[in-house]
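Source file: coords32.tsv. Holds: TSV, C-alpha atoms.
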```tsv
chain	number	residue	atom	x	y	z
K	65	MET	CA	-11.39	-7.70	22.37
K	66	GLU	CA	-11.33	-10.20	19.55
K	67	ILE	CA	-14.22	-10.77	17.15
K	68	PHE	CA	-14.30	-13.94	15.10
K	69	ALA	CA	-15.92	-13.88	11.69
K	70	VAL	CA	-16.86	-16.86	9.59
K	71	TYR	CA	-17.42	-16.55	5.86
K	72	TRP	CA	-19.11	-19.45	4.12
K	73	GLU	CA	-18.61	-18.39	0.52
K	74	SER	CA	-18.17	-20.58	-2.51
K	75	VAL	CA	-17.07	-17.39	-4.27
K	76	ILE	CA	-15.65	-14.45	-2.33
K	77	LYS	CA	-18.16	-11.60	-2.09
K	78	THR	CA	-17.13	-8.08	-3.03
K	79	TYR	CA	-18.89	-4.76	-2.68
K	80	GLY	CA	-17.93	-4.10	-6.28
K	81	ILE	CA	-15.14	-3.97	-8.81
K	82	ALA	CA	-14.30	-0.51	-10.15
K	83	GLU	CA	-12.21	0.50	-13.16
K	84	ARG	CA	-10.44	3.76	-13.80
K	85	THR	CA	-8.39	4.52	-16.91
K	86	GLY	CA	-6.03	7.23	-18.14
K	87	LEU	CA	-3.87	7.33	-15.01
K	88	CYS	CA	-0.14	7.85	-14.54
K	89	LEU	CA	2.15	5.70	-12.42
K	90	VAL	CA	5.31	7.46	-11.28
K	91	SER	CA	7.97	5.30	-9.62
K	92	LEU	CA	11.18	6.52	-8.09
K	93	GLN	CA	13.98	5.35	-5.88
K	94	LEU	CA	13.71	6.88	-2.43
K	95	THR	CA	16.81	6.86	-0.25
K	96	PRO	CA	16.82	8.57	3.15
K	97	GLU	CA	19.08	11.34	1.90
K	98	ARG	CA	16.67	12.10	-0.94
K	99	ILE	CA	13.59	12.28	1.28
K	100	PRO	CA	13.93	16.01	2.06
K	101	ASP	CA	14.19	16.97	-1.63
K	102	ILE	CA	11.42	14.70	-2.81
K	103	ALA	CA	9.16	15.51	0.11
K	104	SER	CA	9.77	19.21	-0.43
K	105	CYS	CA	8.81	18.80	-4.08
K	106	LEU	CA	5.63	16.93	-3.12
K	107	THR	CA	4.84	19.38	-0.33
K	108	HIS	CA	5.52	22.74	-1.89
K	109	ARG	CA	5.52	22.55	-5.64
K	110	ALA	CA	3.40	19.61	-6.73
K	111	ALA	CA	0.30	21.80	-6.80
K	112	GLU	CA	1.73	23.17	-10.04
K	113	TRP	CA	1.17	19.76	-11.59
K	114	GLY	CA	-2.53	19.89	-10.94
K	115	ALA	CA	-2.31	16.15	-10.27
K	116	SER	CA	-3.71	14.32	-7.27
K	117	PRO	CA	-2.46	11.00	-5.95
K	118	ILE	CA	-5.00	8.23	-6.04
K	119	LEU	CA	-2.62	5.79	-4.41
K	120	VAL	CA	0.79	6.02	-2.76
K	121	PHE	CA	2.73	2.89	-1.97
K	122	ALA	CA	6.30	1.76	-1.51
K	123	ARG	CA	8.34	-1.34	-0.87
K	124	PRO	CA	11.90	-1.78	0.33
K	125	VAL	CA	14.69	-2.14	-2.20
K	126	SER	CA	18.11	-2.64	-0.65
K	127	GLY	CA	19.56	-1.22	2.51
K	128	ASP	CA	17.22	1.51	3.65
K	129	ALA	CA	16.06	2.54	0.17
K	130	MET	CA	12.48	2.24	-1.04
K	131	ARG	CA	10.76	2.15	-4.39
K	132	LEU	CA	8.02	4.77	-4.09
K	133	HIS	CA	5.01	4.76	-6.39
K	134	LEU	CA	2.52	7.55	-6.98
K	135	LEU	CA	-0.60	6.73	-8.97
K	136	LEU	CA	-1.75	10.11	-10.27
K	137	ASP	CA	-4.97	11.18	-11.92
K	138	ARG	CA	-3.33	12.99	-14.83
K	139	PRO	CA	-0.36	12.29	-17.09
K	140	LEU	CA	3.04	13.68	-16.18
K	141	THR	CA	6.40	13.60	-17.90
K	142	ILE	CA	9.98	13.58	-16.70
K	143	ARG	CA	10.03	17.23	-17.79
K	144	ASP	CA	7.43	18.05	-15.11
K	145	PHE	CA	9.77	16.66	-12.48
K	146	MET	CA	12.85	18.36	-13.93
K	147	GLU	CA	11.07	21.69	-13.70
K	148	LEU	CA	10.06	21.07	-10.11
K	149	ASP	CA	13.22	19.44	-8.84
K	150	GLY	CA	15.31	21.91	-6.92
K	151	SER	CA	18.17	19.46	-6.42
K	152	GLY	CA	19.35	19.57	-10.00
K	153	GLY	CA	17.69	16.33	-10.97
K	154	ALA	CA	19.72	14.10	-8.69
K	155	TRP	CA	16.73	12.01	-7.73
K	156	LEU	CA	15.42	11.66	-11.27
K	157	SER	CA	17.76	8.73	-11.93
K	158	GLY	CA	15.80	5.54	-11.56
K	159	MET	CA	12.52	7.34	-12.12
K	160	ARG	CA	9.99	5.60	-14.30
K	161	ILE	CA	6.71	6.97	-15.60
K	162	ASP	CA	4.04	4.65	-16.99
K	163	ASP	CA	1.39	6.60	-18.86
K	164	ALA	CA	-2.20	5.66	-19.44
K	165	VAL	CA	-2.19	2.93	-16.85
K	166	GLU	CA	-5.47	1.50	-15.61
K	167	LEU	CA	-6.68	0.82	-12.09
K	168	VAL	CA	-9.00	-1.95	-10.99
K	169	SER	CA	-10.02	-1.87	-7.36
K	170	LEU	CA	-12.23	-4.03	-5.22
K	171	GLN	CA	-13.42	-3.81	-1.68
K	172	GLY	CA	-15.16	-6.30	0.50
K	173	PRO	CA	-16.21	-7.11	4.04
K	174	HIS	CA	-13.24	-7.42	6.39
K	175	TYR	CA	-10.82	-7.84	3.47
K	176	GLY	CA	-8.03	-6.46	5.65
K	177	ASP	CA	-8.69	-9.11	8.28
K	178	ARG	CA	-9.31	-12.17	6.09
K	179	TYR	CA	-6.81	-14.59	4.65
K	180	GLY	CA	-6.67	-15.55	0.99
K	181	ILE	CA	-8.22	-12.46	-0.59
K	182	LEU	CA	-5.14	-11.14	-2.42
K	183	SER	CA	-4.06	-14.66	-3.30
K	184	ALA	CA	-7.44	-15.30	-4.95
K	185	ALA	CA	-7.15	-12.09	-6.96
K	186	LEU	CA	-3.61	-12.81	-8.15
K	187	LYS	CA	-4.48	-16.40	-9.05
K	188	ALA	CA	-7.43	-15.25	-11.16
K	189	LEU	CA	-5.21	-12.76	-12.99
K	190	ALA	CA	-2.45	-15.32	-13.52
K	191	ASP	CA	-4.93	-17.93	-14.76
K	192	HIS	CA	-6.15	-15.45	-17.39
K	193	GLY	CA	-2.67	-14.19	-18.30
K	194	THR	CA	-3.46	-10.62	-17.31
K	195	PRO	CA	-0.25	-8.59	-16.87
K	196	LEU	CA	0.04	-6.64	-13.64
K	197	LEU	CA	2.14	-3.49	-13.12
K	198	ALA	CA	1.68	-2.98	-9.40
K	199	LEU	CA	-0.67	-3.38	-6.47
K	200	SER	CA	-1.43	-1.90	-3.11
K	201	CYS	CA	-3.60	-3.43	-0.40
K	202	ALA	CA	-4.68	-1.47	2.64
K	203	ALA	CA	-7.70	-1.60	4.92
K	204	ALA	CA	-10.49	-3.43	3.06
K	205	SER	CA	-9.26	-2.55	-0.45
K	206	ILE	CA	-7.23	-4.25	-3.13
K	207	SER	CA	-5.94	-1.86	-5.82
K	208	LEU	CA	-4.44	-3.40	-8.96
K	209	ILE	CA	-2.66	-1.40	-11.67
K	210	PHE	CA	-2.45	-2.62	-15.26
K	211	PRO	CA	-0.95	-1.44	-18.54
K	212	GLN	CA	-3.24	0.43	-20.93
K	213	GLY	CA	-6.03	-1.70	-22.33
K	214	TYR	CA	-6.03	-4.45	-19.70
K	215	ALA	CA	-8.52	-3.22	-17.08
K	216	GLY	CA	-11.49	-4.83	-18.84
K	217	ALA	CA	-9.73	-8.18	-19.09
K	218	ALA	CA	-8.67	-7.87	-15.46
K	219	VAL	CA	-12.26	-7.28	-14.34
K	220	LYS	CA	-13.41	-10.34	-16.28
K	221	ALA	CA	-10.65	-12.41	-14.68
K	222	LEU	CA	-11.50	-11.14	-11.19
K	223	GLU	CA	-15.19	-11.90	-11.74
K	224	THR	CA	-14.25	-15.58	-11.90
K	225	ALA	CA	-13.01	-15.38	-8.31
K	226	PHE	CA	-15.18	-12.64	-6.78
K	227	ALA	CA	-18.94	-12.23	-6.83
K	228	ALA	CA	-20.06	-8.63	-7.01
K	229	ALA	CA	-23.00	-7.53	-4.92
K	230	PRO	CA	-26.27	-6.90	-6.79
K	231	PRO	CA	-27.55	-5.11	-8.77
K	232	SER	CA	-24.44	-4.58	-10.88
K	233	GLY	CA	-21.66	-4.22	-8.33
K	234	ARG	CA	-19.43	-3.03	-11.13
K	235	THR	CA	-18.90	0.67	-11.58
K	236	ASN	CA	-16.98	2.65	-14.14
K	237	VAL	CA	-15.42	5.63	-12.45
K	238	SER	CA	-13.45	7.19	-15.31
H	236	MET	CA	8.45	21.65	9.22
H	237	ASN	CA	8.15	25.38	8.83
H	238	VAL	CA	6.46	26.57	11.99
H	239	HIS	CA	4.23	28.80	9.89
H	240	GLU	CA	2.84	25.86	7.93
H	241	GLN	CA	-0.58	24.80	9.09
H	242	LYS	CA	-1.18	21.26	10.18
H	243	LEU	CA	-3.19	19.25	7.69
H	244	PRO	CA	-6.54	18.03	8.98
H	245	VAL	CA	-7.23	14.30	8.87
H	246	GLY	CA	-10.08	12.22	10.21
H	247	GLY	CA	-8.07	9.77	12.25
H	248	LEU	CA	-4.96	7.77	12.99
H	249	LYS	CA	-4.73	4.09	13.90
H	250	LEU	CA	-1.89	1.85	14.93
H	251	SER	CA	-1.61	-1.85	14.17
H	252	SER	CA	-0.70	-4.61	16.52
H	253	GLU	CA	2.80	-6.07	16.09
H	254	LEU	CA	3.49	-7.28	12.55
H	255	VAL	CA	6.17	-9.11	10.59
H	256	GLN	CA	7.03	-7.72	7.15
H	257	LEU	CA	7.82	-10.18	4.38
H	258	GLN	CA	10.12	-8.71	1.75
H	259	LEU	CA	9.47	-10.61	-1.47
H	260	HIS	CA	12.61	-10.82	-3.58
H	261	PRO	CA	12.46	-10.22	-7.35
H	262	ASN	CA	10.74	-13.10	-9.13
H	263	ASP	CA	8.68	-13.79	-12.22
H	264	GLY	CA	5.49	-13.65	-10.17
H	265	GLY	CA	5.16	-17.40	-9.84
H	266	SER	CA	6.88	-17.71	-6.49
H	267	THR	CA	4.96	-14.76	-5.06
H	268	ASN	CA	1.69	-16.34	-6.14
H	269	ARG	CA	2.74	-19.64	-4.56
H	270	ILE	CA	3.89	-17.94	-1.36
H	271	LEU	CA	0.58	-16.11	-1.02
H	272	ALA	CA	-1.35	-19.30	-1.80
H	273	CYS	CA	0.57	-21.21	0.89
H	274	LEU	CA	-0.11	-18.49	3.45
H	275	ALA	CA	-3.80	-18.48	2.51
H	276	GLU	CA	-4.03	-22.26	2.88
H	277	ARG	CA	-2.74	-21.92	6.43
H	278	HIS	CA	-5.16	-19.05	7.14
H	279	VAL	CA	-2.43	-16.41	7.40
H	280	ASN	CA	-3.86	-12.98	6.63
H	281	LEU	CA	-1.98	-10.22	4.83
H	282	VAL	CA	-2.62	-7.03	6.76
H	283	LEU	CA	-1.25	-4.83	3.98
H	284	ALA	CA	0.81	-5.24	0.82
H	285	SER	CA	2.67	-3.27	-1.85
H	286	MET	CA	4.11	-4.85	-4.98
H	287	ASP	CA	5.35	-3.78	-8.38
H	288	VAL	CA	6.80	-5.25	-11.52
H	289	LEU	CA	10.15	-3.77	-12.50
H	290	ASP	CA	12.06	-5.04	-15.54
H	291	GLY	CA	9.68	-7.99	-15.73
H	292	LEU	CA	10.26	-9.04	-12.14
H	293	LEU	CA	7.75	-8.80	-9.33
H	294	ASN	CA	9.03	-7.24	-6.10
H	295	GLY	CA	7.12	-6.42	-3.01
H	296	MET	CA	6.33	-6.54	0.62
H	297	CYS	CA	3.43	-7.70	2.72
H	298	CYS	CA	2.76	-7.80	6.44
H	299	ILE	CA	1.38	-10.57	8.62
H	300	LEU	CA	0.46	-10.63	12.29
H	301	VAL	CA	3.36	-11.54	14.57
H	302	GLU	CA	1.44	-14.54	15.93
H	303	ASP	CA	1.40	-15.99	12.40
H	304	ARG	CA	5.17	-15.83	12.05
H	305	GLN	CA	5.85	-19.40	13.12
H	306	THR	CA	3.19	-20.77	10.78
H	307	ALA	CA	4.55	-18.66	7.94
H	308	GLU	CA	8.13	-19.78	8.54
H	309	MET	CA	7.02	-23.42	8.49
H	310	VAL	CA	4.85	-23.22	5.40
H	311	LEU	CA	7.34	-21.09	3.48
H	312	GLN	CA	10.31	-23.42	3.97
H	313	PRO	CA	10.25	-24.42	0.27
H	314	PHE	CA	10.70	-20.76	-0.62
H	315	THR	CA	13.91	-20.10	1.29
H	316	GLY	CA	15.78	-17.34	-0.53
H	317	ALA	CA	12.62	-15.96	-2.12
H	318	TYR	CA	11.83	-13.72	0.81
H	319	THR	CA	13.17	-12.26	4.04
H	320	MET	CA	11.28	-11.50	7.21
H	321	LEU	CA	11.57	-8.20	9.01
H	322	SER	CA	10.40	-7.85	12.57
H	323	SER	CA	9.24	-6.23	14.68
H	324	VAL	CA	7.09	-3.95	12.53
H	325	GLY	CA	4.09	-1.77	13.19
H	326	ALA	CA	1.78	0.10	10.83
H	327	LEU	CA	0.54	3.63	11.31
H	328	THR	CA	-2.57	4.43	9.28
H	329	ILE	CA	-3.96	7.88	8.55
H	330	PHE	CA	-7.37	8.48	7.06
H	331	PRO	CA	-8.60	9.96	4.90
H	332	HIS	CA	-5.60	11.14	2.87
H	333	ARG	CA	-7.89	13.08	0.54
H	334	SER	CA	-5.44	12.69	-2.34
H	335	ARG	CA	-3.04	15.29	-0.95
H	336	LEU	CA	0.56	15.05	-2.15
H	337	LYS	CA	1.37	17.66	0.46
H	338	LEU	CA	0.25	15.32	3.24
H	339	ILE	CA	2.48	12.53	1.96
H	340	GLY	CA	5.48	14.83	1.62
H	341	ARG	CA	5.06	16.20	5.11
H	342	ILE	CA	4.64	12.80	6.70
H	343	LEU	CA	7.77	11.44	5.00
H	344	THR	CA	9.68	14.53	6.12
H	345	ALA	CA	8.40	14.20	9.68
H	346	MET	CA	9.46	10.56	9.86
H	347	HIS	CA	12.86	11.37	8.35
H	348	THR	CA	13.45	14.31	10.68
H	349	ALA	CA	12.62	12.15	13.70
H	350	GLY	CA	15.10	9.53	12.50
H	351	LEU	CA	12.37	6.94	12.06
H	352	PRO	CA	12.64	4.25	9.39
H	353	VAL	CA	9.86	3.74	6.86
H	354	TYR	CA	9.88	0.11	5.76
H	355	GLY	CA	6.94	0.31	3.39
H	356	VAL	CA	3.85	2.25	2.40
H	357	ALA	CA	0.42	1.05	1.25
H	358	SER	CA	-2.76	2.93	0.53
H	359	SER	CA	-6.35	2.69	-0.56
H	360	PHE	CA	-8.61	5.47	-1.88
H	361	SER	CA	-8.93	6.80	1.66
H	362	THR	CA	-6.23	5.35	3.91
H	363	LEU	CA	-2.46	5.76	3.95
H	364	SER	CA	-0.45	3.22	5.94
H	365	LEU	CA	3.27	3.20	6.57
H	366	THR	CA	5.31	0.62	8.41
H	367	THR	CA	8.09	1.36	10.84
H	368	HIS	CA	9.72	-0.30	13.81
H	369	TYR	CA	7.01	-1.53	16.18
H	370	LEU	CA	8.76	-0.24	19.30
H	371	GLN	CA	8.98	3.21	17.73
H	372	LEU	CA	5.28	3.55	16.88
H	373	ASP	CA	4.65	6.01	19.69
H	374	LYS	CA	7.55	8.15	18.48
H	375	ALA	CA	6.13	7.90	14.97
H	376	VAL	CA	2.77	9.13	16.26
H	377	SER	CA	4.48	12.16	17.80
H	378	ALA	CA	6.32	12.88	14.56
H	379	VAL	CA	3.25	12.51	12.35
H	380	CYS	CA	1.06	14.49	14.76
H	381	SER	CA	3.43	17.42	14.30
H	382	VAL	CA	2.11	17.78	10.74
H	383	ILE	CA	-1.49	16.57	10.98
H	384	ASP	CA	-4.47	17.91	12.85
H	385	LEU	CA	-6.64	15.24	14.45
H	386	PRO	CA	-10.23	15.86	15.51
H	387	GLU	CA	-10.98	16.46	19.15
H	388	ASN	CA	-12.06	13.40	21.12
H	389	HIS	CA	-10.17	11.17	18.73
H	390	ALA	CA	-10.62	7.45	19.35
H	391	PRO	CA	-7.65	5.58	20.87
H	392	PHE	CA	-4.80	5.00	18.44
H	393	HIS	CA	-4.38	1.38	19.42
H	394	PRO	CA	-7.03	-1.06	18.19
H	395	GLU	CA	-9.81	-1.78	20.67
H	396	PHE	CA	-10.92	-4.92	18.90
H	397	ARG	CA	-9.73	-7.24	16.19
H	398	VAL	CA	-11.58	-9.31	13.62
H	399	GLN	CA	-10.22	-12.74	12.88
H	400	GLN	CA	-11.59	-15.10	10.26
H	401	LEU	CA	-12.04	-18.71	11.30
```

Kindly transcribe the structure held in the file into structure tokens.
Amino acid sequence: MEIFAVYWESVIKTYGIAERTGLCLVSLQLTPERIPDIASCLTHRAAEWGASPILVFARPVSGDAMRLHLLLDRPLTIRDFMELDGSGGAWLSGMRIDDAVELVSLQGPHYGDRYGILSAALKALADHGTPLLALSCAAASISLIFPQGYAGAAVKALETAFAAAPPSGRTNVS
Amino acid sequence: MNVHEQKLPVGGLKLSSELVQLQLHPNDGGSTNRILACLAERHVNLVLASMDVLDGLLNGMCCILVEDRQTAEMVLQPFTGAYTMLSSVGALTIFPHRSRLKLIGRILTAMHTAGLPVYGVASSFSTLSLTTHYLQLDKAVSAVCSVIDLPENHAPFHPEFRVQQL
């Protein structure tokens, strides 16, 4: 069954734009041979971190490798990974940790089924010169990650392209 | 998986229709913005996307419906070399992930053990989607279901309806 939706919007409607600060973005190179070690670390020992993933996303690199990103709710250091890594640190090469990153997320009706939503968000950010670290889009959500201190500017930029639902539509989660 | 490990409860699992994955090659962000703008102008929806900036260059992937492939190839002709297309791709989505690193680790292990490729991962606060070969989606369901516990009377995995914007 196919359902057709028509949106007559001069500005794209959103259910709200939310900010969250003080997060940690961990990025690492994930090759198939490293999956067992890294997955084992995530599965069995990550509870020792006391950190929870807010987002997990990955994109292909070369061959069958991926760049895996974990957006965590508390800061971590390379030392945390060295202590947990049972493989002698082999998969720590290529790891990058961005501390104090900020998340701006927005959701809207049928965002996962509508064209032009991410493009509108990226254009608004580019027009306002807001630097972006990473993004993940799934279902009806767009999640944008910024360096420390840029979430507020990002929200202002996004508000030029998206109209939040009343009364405020903007929530501070942190 | 250790047979003594309990399956992790989730609320549901959904499969996408057939997709094409666009791998966006490293760029300063400008070409990605133009590519996405061109797709939007031709009403091509991005089903999911993951991107990051590494060493000042934007890299990423996004997925479009297979029926939009021809339109995308036509409109993206000026961007030859800026992207590659991977087909045929399907997305498997689990919800909610409840912020469990353990769930992610087990799913990656299950896919790896079953010899299934993972082409990309995207998530929201509640959903976790991974892309693999479309023709291997059923095998991926079997692999993932070995580590997750779905509710009884779960809705069909394949979509029963689709929303399309005019």

Mind running chain H against chain K at 6 Å and telling me each contacting residue's nearest atom pair with the distance in Å (one decimal), counting all atoms listed in the file, chain and number ascending, as a tab-separated table?
```
residue	atom	partner	partner_atom	distance
H:Leu271	CA	K:Ser183	CA	5.4
H:Ala272	CA	K:Ser183	CA	5.6
H:Ala275	CA	K:Gly180	CA	4.4
H:His278	CA	K:Tyr179	CA	5.4
H:Val279	CA	K:Tyr179	CA	5.5
H:Asn280	CA	K:Tyr179	CA	3.9
H:Val282	CA	K:Gly176	CA	5.6
H:Leu283	CA	K:Ala202	CA	5.0
H:Ala284	CA	K:Cys201	CA	4.9
H:Ser285	CA	K:Ser200	CA	4.5
H:Met286	CA	K:Leu199	CA	5.2
H:Asp287	CA	K:Ala198	CA	3.9
H:Val288	CA	K:Leu197	CA	5.2
H:Gly295	CA	K:Arg123	CA	5.6
H:Met296	CA	K:Arg123	CA	5.8
H:Ser334	CA	K:Pro117	CA	5.0
H:Leu336	CA	K:Leu106	CA	5.5
H:Lys337	CA	K:Thr107	CA	4.0
H:Gly340	CA	K:Ala103	CA	4.0
H:Gly355	CA	K:Arg123	CA	4.8
H:Val356	CA	K:Phe121	CA	4.6
H:Ala357	CA	K:Phe121	CA	4.4
H:Ser358	CA	K:Ala202	CA	5.2
H:Ser359	CA	K:Ala202	CA	5.5
H:Phe396	CA	K:Met65	CA	4.5
H:Arg397	CA	K:Glu66	CA	4.8
H:Val398	CA	K:Ile67	CA	4.6
H:Gln399	CA	K:Phe68	CA	4.8
H:Gln400	CA	K:Ala69	CA	4.7
H:Leu401	CA	K:Val70	CA	5.4
```

Store the residues of this selection in a file with C-alpha atoms, as an mmCIF file, keeping the file's coordinate frame.
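Okay, part.cif is ready:
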```
data_model
loop_
_atom_site.group_PDB
_atom_site.id
_atom_site.type_symbol
_atom_site.label_atom_id
_atom_site.label_comp_id
_atom_site.auth_asym_id
_atom_site.auth_seq_id
_atom_site.Cartn_x
_atom_site.Cartn_y
_atom_site.Cartn_z
ATOM 1 C CA LEU H 271 0.580 -16.110 -1.020
ATOM 2 C CA ALA H 272 -1.350 -19.300 -1.800
ATOM 3 C CA ALA H 275 -3.800 -18.480 2.510
ATOM 4 C CA HIS H 278 -5.160 -19.050 7.140
ATOM 5 C CA VAL H 279 -2.430 -16.410 7.400
ATOM 6 C CA ASN H 280 -3.860 -12.980 6.630
ATOM 7 C CA VAL H 282 -2.620 -7.030 6.760
ATOM 8 C CA LEU H 283 -1.250 -4.830 3.980
ATOM 9 C CA ALA H 284 0.810 -5.240 0.820
ATOM 10 C CA SER H 285 2.670 -3.270 -1.850
ATOM 11 C CA MET H 286 4.110 -4.850 -4.980
ATOM 12 C CA ASP H 287 5.350 -3.780 -8.380
ATOM 13 C CA VAL H 288 6.800 -5.250 -11.520
ATOM 14 C CA GLY H 295 7.120 -6.420 -3.010
ATOM 15 C CA MET H 296 6.330 -6.540 0.620
ATOM 16 C CA SER H 334 -5.440 12.690 -2.340
ATOM 17 C CA LEU H 336 0.560 15.050 -2.150
ATOM 18 C CA LYS H 337 1.370 17.660 0.460
ATOM 19 C CA GLY H 340 5.480 14.830 1.620
ATOM 20 C CA GLY H 355 6.940 0.310 3.390
ATOM 21 C CA VAL H 356 3.850 2.250 2.400
ATOM 22 C CA ALA H 357 0.420 1.050 1.250
ATOM 23 C CA SER H 358 -2.760 2.930 0.530
ATOM 24 C CA SER H 359 -6.350 2.690 -0.560
ATOM 25 C CA PHE H 396 -10.920 -4.920 18.900
ATOM 26 C CA ARG H 397 -9.730 -7.240 16.190
ATOM 27 C CA VAL H 398 -11.580 -9.310 13.620
ATOM 28 C CA GLN H 399 -10.220 -12.740 12.880
ATOM 29 C CA GLN H 400 -11.590 -15.100 10.260
ATOM 30 C CA LEU H 401 -12.040 -18.710 11.300
#
```

message: Residues within 8 Å of Leu243 of chain H, please, as a PyMOL selection string. Count all atoms listed in the file; anything in the same chain fewer than 2 positions from it doesn't count.
response: chain H and resi 241+245+338+382-384

message: What's the separation between atom CA of Thr194 of chain K and atom CA of Gly172 of chain K, in Å to one decimal place?
response: 21.7 Å

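Taking atom CA of Ala378 of chain H and atom CA of Tyr354 of chain H as endpoints, the distance between them is 15.9 Å.
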
Hey, could you pull the box centre and edge lengths for segment 285-292 of chain H, axis-aligned, 4 Å padding per side, all listed atoms, to one decimal in Å, as lines of an AutoDock Vina configuration file?
```
center_x = 7.4
center_y = -6.2
center_z = -8.8
size_x = 17.4
size_y = 13.8
size_z = 21.9
```

task: Write out as number ranges by chain each polymer residue whose atoms come within 8 Å of Leu370 of chain H, counting all atoms listed in the file; drop sequence neighbours fewer than 2 positions from it.
output: H: 323-325, 368, 372-373

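Picture a line from atom CA of Glu166 of chain K to atom CA of Ile329 of chain H; it runs 25.0 Å.
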
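Restricting the calculation to all atoms listed in the file, the smallest distance between Leu292 of chain H and any of H:Pro386, H:Pro261, H:Pro394, H:Gly350 is found for H:Pro261.
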
Could you rebuild segment 157-162 of chain K with all heavy atoms and give me the result as an mmCIF file, in the frame of the given file?
```cif
data_model
loop_
_atom_site.group_PDB
_atom_site.id
_atom_site.type_symbol
_atom_site.label_atom_id
_atom_site.label_comp_id
_atom_site.auth_asym_id
_atom_site.auth_seq_id
_atom_site.Cartn_x
_atom_site.Cartn_y
_atom_site.Cartn_z
ATOM 1 N N SER K 157 17.212 10.001 -11.461
ATOM 2 C CA SER K 157 17.760 8.730 -11.930
ATOM 3 C C SER K 157 16.957 7.601 -11.284
ATOM 4 O O SER K 157 16.679 7.636 -10.092
ATOM 5 C CB SER K 157 19.234 8.607 -11.572
ATOM 6 O OG SER K 157 19.384 8.609 -10.183
ATOM 7 N N GLY K 158 16.607 6.645 -12.090
ATOM 8 C CA GLY K 158 15.800 5.540 -11.560
ATOM 9 C C GLY K 158 14.319 5.826 -11.583
ATOM 10 O O GLY K 158 13.515 4.974 -11.209
ATOM 11 N N MET K 159 13.957 7.034 -12.041
ATOM 12 C CA MET K 159 12.520 7.340 -12.120
ATOM 13 C C MET K 159 11.911 6.656 -13.343
ATOM 14 O O MET K 159 12.541 6.546 -14.394
ATOM 15 C CB MET K 159 12.303 8.845 -12.210
ATOM 16 C CG MET K 159 10.838 9.211 -12.399
ATOM 17 S SD MET K 159 10.583 10.985 -12.475
ATOM 18 C CE MET K 159 10.689 11.393 -10.752
ATOM 19 N N ARG K 160 10.696 6.222 -13.175
ATOM 20 C CA ARG K 160 9.990 5.600 -14.300
ATOM 21 C C ARG K 160 8.567 6.148 -14.307
ATOM 22 O O ARG K 160 7.942 6.285 -13.252
ATOM 23 C CB ARG K 160 9.980 4.091 -14.107
ATOM 24 C CG ARG K 160 9.159 3.360 -15.148
ATOM 25 C CD ARG K 160 9.238 1.870 -14.924
ATOM 26 N NE ARG K 160 8.127 1.230 -15.598
ATOM 27 C CZ ARG K 160 8.105 -0.042 -15.932
ATOM 28 N NH1 ARG K 160 9.123 -0.807 -15.652
ATOM 29 N NH2 ARG K 160 7.055 -0.555 -16.538
ATOM 30 N N ILE K 161 8.076 6.468 -15.480
ATOM 31 C CA ILE K 161 6.710 6.970 -15.600
ATOM 32 C C ILE K 161 5.957 6.083 -16.581
ATOM 33 O O ILE K 161 6.364 5.942 -17.734
ATOM 34 C CB ILE K 161 6.679 8.435 -16.054
ATOM 35 C CG1 ILE K 161 7.366 9.318 -15.012
ATOM 36 C CG2 ILE K 161 5.240 8.900 -16.271
ATOM 37 C CD1 ILE K 161 7.383 10.787 -15.353
ATOM 38 N N ASP K 162 4.909 5.455 -16.119
ATOM 39 C CA ASP K 162 4.040 4.650 -16.990
ATOM 40 C C ASP K 162 2.765 5.448 -17.230
ATOM 41 O O ASP K 162 1.999 5.718 -16.297
ATOM 42 C CB ASP K 162 3.701 3.309 -16.318
ATOM 43 C CG ASP K 162 4.898 2.380 -16.289
ATOM 44 O OD1 ASP K 162 5.324 1.942 -17.366
ATOM 45 O OD2 ASP K 162 5.414 2.111 -15.187
#
```
